[in-house]
Amino acid sequence: MDIEQQSSSEQLERNRAHQSPSLSEAERAAIQNSPNATLVLGIDGGGTKTACVIVDEHQTVLAQVRVGSCNRNSVGDEKAKENLAEGIASVLRAANCERSAVNAACLGMAGVDRPVERSLVSSWMETFLPNVPTTIYNDAVIALASGTGGELCGVAVISGTGMIVYGINRNGQVQRAGGWGPLFGDKGSAYAIGAAALSAVAHATDGLGAQTALDGALRDYLDLSTPQALIPWAYSDLSWARIADLSAVVTECAQQKDEVASRIIAEAAIDLAAAVEVVVRGLDMLNEPTPIVLSGGNLQPGLFSSLVHQHLNSLIPHAQPTRPSVNPAVGAAILAHQSLRKE
């Protein structure tokens, strides 16, 4: 089935099968008090939010919360640590669960691929959850797990505020593309789309580029009176998410056949698909069925996702594009349970 033909209602039902936030207090207490219960903590540290879940061995979600981003590159170390602590404390309260009841934890976040970074975040987790075995992965790994049931073989494609393509083959070899952060372009991300829209409006205003409906659409969206008013808006707060949020306006203009907006969306889709091809080819997976898990807000069903899917079918004949069957935080919890089985 074409991934774009899967209805949002079907996706919702799949998620509900694994996530049960509506457990009664009695049901939750029964699970927690069971001598055989194995509870784990899964954390998805995204660029705009941190999602935390407490999950049992049956993938029943006892509690889930969202707090601010713990992406160090987005909000800085101090705020990242603060938000991570808040998320863990909040989900434990929501589950009515003591820290000592957590058997293992898994955290997926950007900016933990280098030893110094991983050591820093590990020290945070040891402070928050003393003596709890914790695995830390790039956030793309938990995204992959969320679409494969925990099997770490395939390619994760995340396009949200930022983007990354992260692949693992059957030999355990890893290759990635993107994930450098918005200042390096992150082509194929919502940030790149939003930044391109601002640039297009500036060029149109100066007579250096084609006129575009993006001018009026962005000003309406931001309640600004002139194109020049975009300047103080953009520089008053340099957080990446604000720029990424503009991608929805670009998509809307593209759907209304604005040529400039359509070109921005089309080029972003080509850029993202090209990054996937590089990773698949580099892992020597081009000629075998390869799960490609598409996640992130920018890859929800719609114009951009449809274009990416078309390019993937063209560039990677044996690609098996899919969407996560659970959210990435639950994917992290699945990996936490796997870590216990390996002990």
# chains A, B, ... in the order shown; residues from 1 in each chain; ligands from 1
>>> residues_around(residues="Asn73 of chain A", least_positions_apart="4", cutoff="9 Å", atoms="only C-alpha atoms", output="list in words")
Gly47, Asp77, Ala80, Ala110, Gly111 and Gly181 of chain A
>>> write_last_selection(atoms="N, CA and C atoms", output="PDB file, in the first residue's frame")
ATOM      1  N   GLY A  47      13.617  18.477  19.123  1.00  0.00           N
ATOM      2  CA  GLY A  47      14.077  19.855  19.007  1.00  0.00           C
ATOM      3  C   GLY A  47      13.120  20.869  19.587  1.00  0.00           C
ATOM      4  N   ASP A  77      22.751  23.799  27.475  1.00  0.00           N
ATOM      5  CA  ASP A  77      22.893  22.726  28.450  1.00  0.00           C
ATOM      6  C   ASP A  77      22.008  22.924  29.678  1.00  0.00           C
ATOM      7  N   ALA A  80      18.342  22.429  28.830  1.00  0.00           N
ATOM      8  CA  ALA A  80      18.132  21.039  28.426  1.00  0.00           C
ATOM      9  C   ALA A  80      18.074  20.128  29.652  1.00  0.00           C
ATOM     10  N   ALA A 110      19.204  14.341  20.024  1.00  0.00           N
ATOM     11  CA  ALA A 110      20.278  14.810  19.157  1.00  0.00           C
ATOM     12  C   ALA A 110      21.462  15.269  20.007  1.00  0.00           C
ATOM     13  N   GLY A 111      22.638  15.314  19.375  1.00  0.00           N
ATOM     14  CA  GLY A 111      23.804  15.860  20.056  1.00  0.00           C
ATOM     15  C   GLY A 111      24.412  14.943  21.104  1.00  0.00           C
ATOM     16  N   GLY A 181      22.362  20.450  11.991  1.00  0.00           N
ATOM     17  CA  GLY A 181      21.710  21.587  12.641  1.00  0.00           C
ATOM     18  C   GLY A 181      21.357  22.669  11.636  1.00  0.00           C
TER      19      GLY A 181
END
>>> residues_around(residues="Ala200 of chain A", least_positions_apart="6", cutoff="8 Å", atoms="only C-alpha atoms", output="list in words")
Gly209, Ala210, Thr212, Leu214 and Val260 of chain A
>>> write_last_selection(atoms="all heavy atoms", output="compact mmCIF listing (two decimals), in the first residue's frame")
# COMPACT_ATOMS: atom_id res chain seq x y z
N GLY A 209 13.76 38.76 -6.89
CA GLY A 209 13.14 37.46 -7.11
C GLY A 209 11.69 37.63 -7.50
O GLY A 209 11.14 38.75 -7.48
N ALA A 210 11.05 36.53 -7.86
CA ALA A 210 9.67 36.57 -8.31
C ALA A 210 8.73 36.95 -7.19
O ALA A 210 8.97 36.66 -6.01
CB ALA A 210 9.28 35.19 -8.86
N THR A 212 5.54 36.61 -4.89
CA THR A 212 5.03 35.37 -4.33
C THR A 212 3.93 35.62 -3.31
O THR A 212 3.97 36.61 -2.57
CB THR A 212 6.16 34.56 -3.66
OG1 THR A 212 5.60 33.46 -2.95
CG2 THR A 212 6.98 35.41 -2.71
N LEU A 214 3.67 34.13 -0.74
CA LEU A 214 4.25 33.95 0.58
C LEU A 214 4.34 35.27 1.34
O LEU A 214 4.27 35.28 2.58
CB LEU A 214 5.66 33.34 0.45
CG LEU A 214 5.74 31.87 0.07
CD1 LEU A 214 7.16 31.48 -0.28
CD2 LEU A 214 5.20 31.00 1.21
N VAL A 260 6.62 30.01 -6.32
CA VAL A 260 7.78 30.09 -5.44
C VAL A 260 7.66 29.10 -4.30
O VAL A 260 8.60 28.35 -3.99
CB VAL A 260 7.95 31.53 -4.90
CG1 VAL A 260 9.08 31.58 -3.86
CG2 VAL A 260 8.23 32.50 -6.04
>>> atom_distance(atom1="atom CA of Arg242 of chain A", atom2="atom CA of Ser74 of chain A")
11.7 Å
>>> residues_around(residues="Ser305 of chain A", least_positions_apart="3", cutoff="12 Å", atoms="only C-alpha atoms", output="JSON, numbers by chain")
{"A": [2, 3, 4, 5, 157, 158, 159, 160, 188, 189, 190, 251, 265, 266, 268, 269, 270, 272, 273, 294, 295, 296, 297, 298, 299, 300, 301, 302, 308, 309, 310, 311, 312, 321, 322, 323]}
>>> closest_atom_pairs(of="segment 114-157 of chain A", to="segment 60-71 of chain A", cutoff="12 Å", atoms="only C-alpha atoms", output="tab-separated table")
residue	atom	partner	partner_atom	distance
A:Glu117	CA	A:Asn71	CA	11.5
A:Val121	CA	A:Cys70	CA	10.2
A:Trp124	CA	A:Cys70	CA	11.5
A:Asn138	CA	A:Asn71	CA	11.0
A:Asp139	CA	A:Asn71	CA	10.1
>>> residues_around(residues="Val249 of chain A", least_positions_apart="3", cutoff="7 Å", atoms="only C-alpha atoms", output="list in words")
Ala217, Leu218, Leu246, Glu252 and Cys253 of chain A
>>> closest_residue(among="A:Gln228, A:Thr161, A:Thr148, A:Asn171", to="Gln320 of chain A", atoms="only C-alpha atoms")
A:Thr148
>>> select_by_dssp(residues="segment 38-78 of chain A", states="helix (DSSP H, G or I)", output="list in words")
Arg72, Asn73, Ser74, Val75, Asp77 and Glu78 of chain A
>>> closest_residue(among="A:Gly185, A:Gly108, A:Ser239, A:Leu208", to="Gly76 of chain A", atoms="only C-alpha atoms")
A:Ser239
>>> atom_distance(atom1="atom CA of Gly216 of chain A", atom2="atom CA of Ala204 of chain A")
11.6 Å
>>> residues_around(residues="Thr38 of chain A", least_positions_apart="3", cutoff="8 Å", atoms="only C-alpha atoms", output="list in words")
Asp56, Glu57, Val102 and Asn103 of chain A
>>> closest_atom_pairs(of="segment 66-171 of chain A", to="segment 279-286 of chain A", cutoff="10 Å", atoms="only C-alpha atoms", output="Markdown table")
| residue | atom | partner | partner_atom | distance |
| --- | --- | --- | --- | --- |
| A:Gly154 | CA | A:Val280 | CA | 8.6 |
| A:Val155 | CA | A:Val280 | CA | 7.5 |
| A:Val165 | CA | A:Val279 | CA | 7.2 |
| A:Tyr166 | CA | A:Val279 | CA | 7.2 |
| A:Gly167 | CA | A:Val279 | CA | 6.3 |
| A:Ile168 | CA | A:Leu283 | CA | 7.4 |
| A:Asn169 | CA | A:Leu283 | CA | 6.2 |
| A:Arg170 | CA | A:Met285 | CA | 9.3 |
| A:Asn171 | CA | A:Leu283 | CA | 9.3 |
>>> select_by_dssp(residues="segment 279-323 of chain A", states="strand (DSSP E or B)", output="VMD selection string")
chain A and resid 290 to 295 319 to 322
>>> closest_residue(among="A:Asp215, A:Asp220, A:Asp237, A:Asp44", to="Ala143 of chain A", atoms="only C-alpha atoms")
A:Asp44
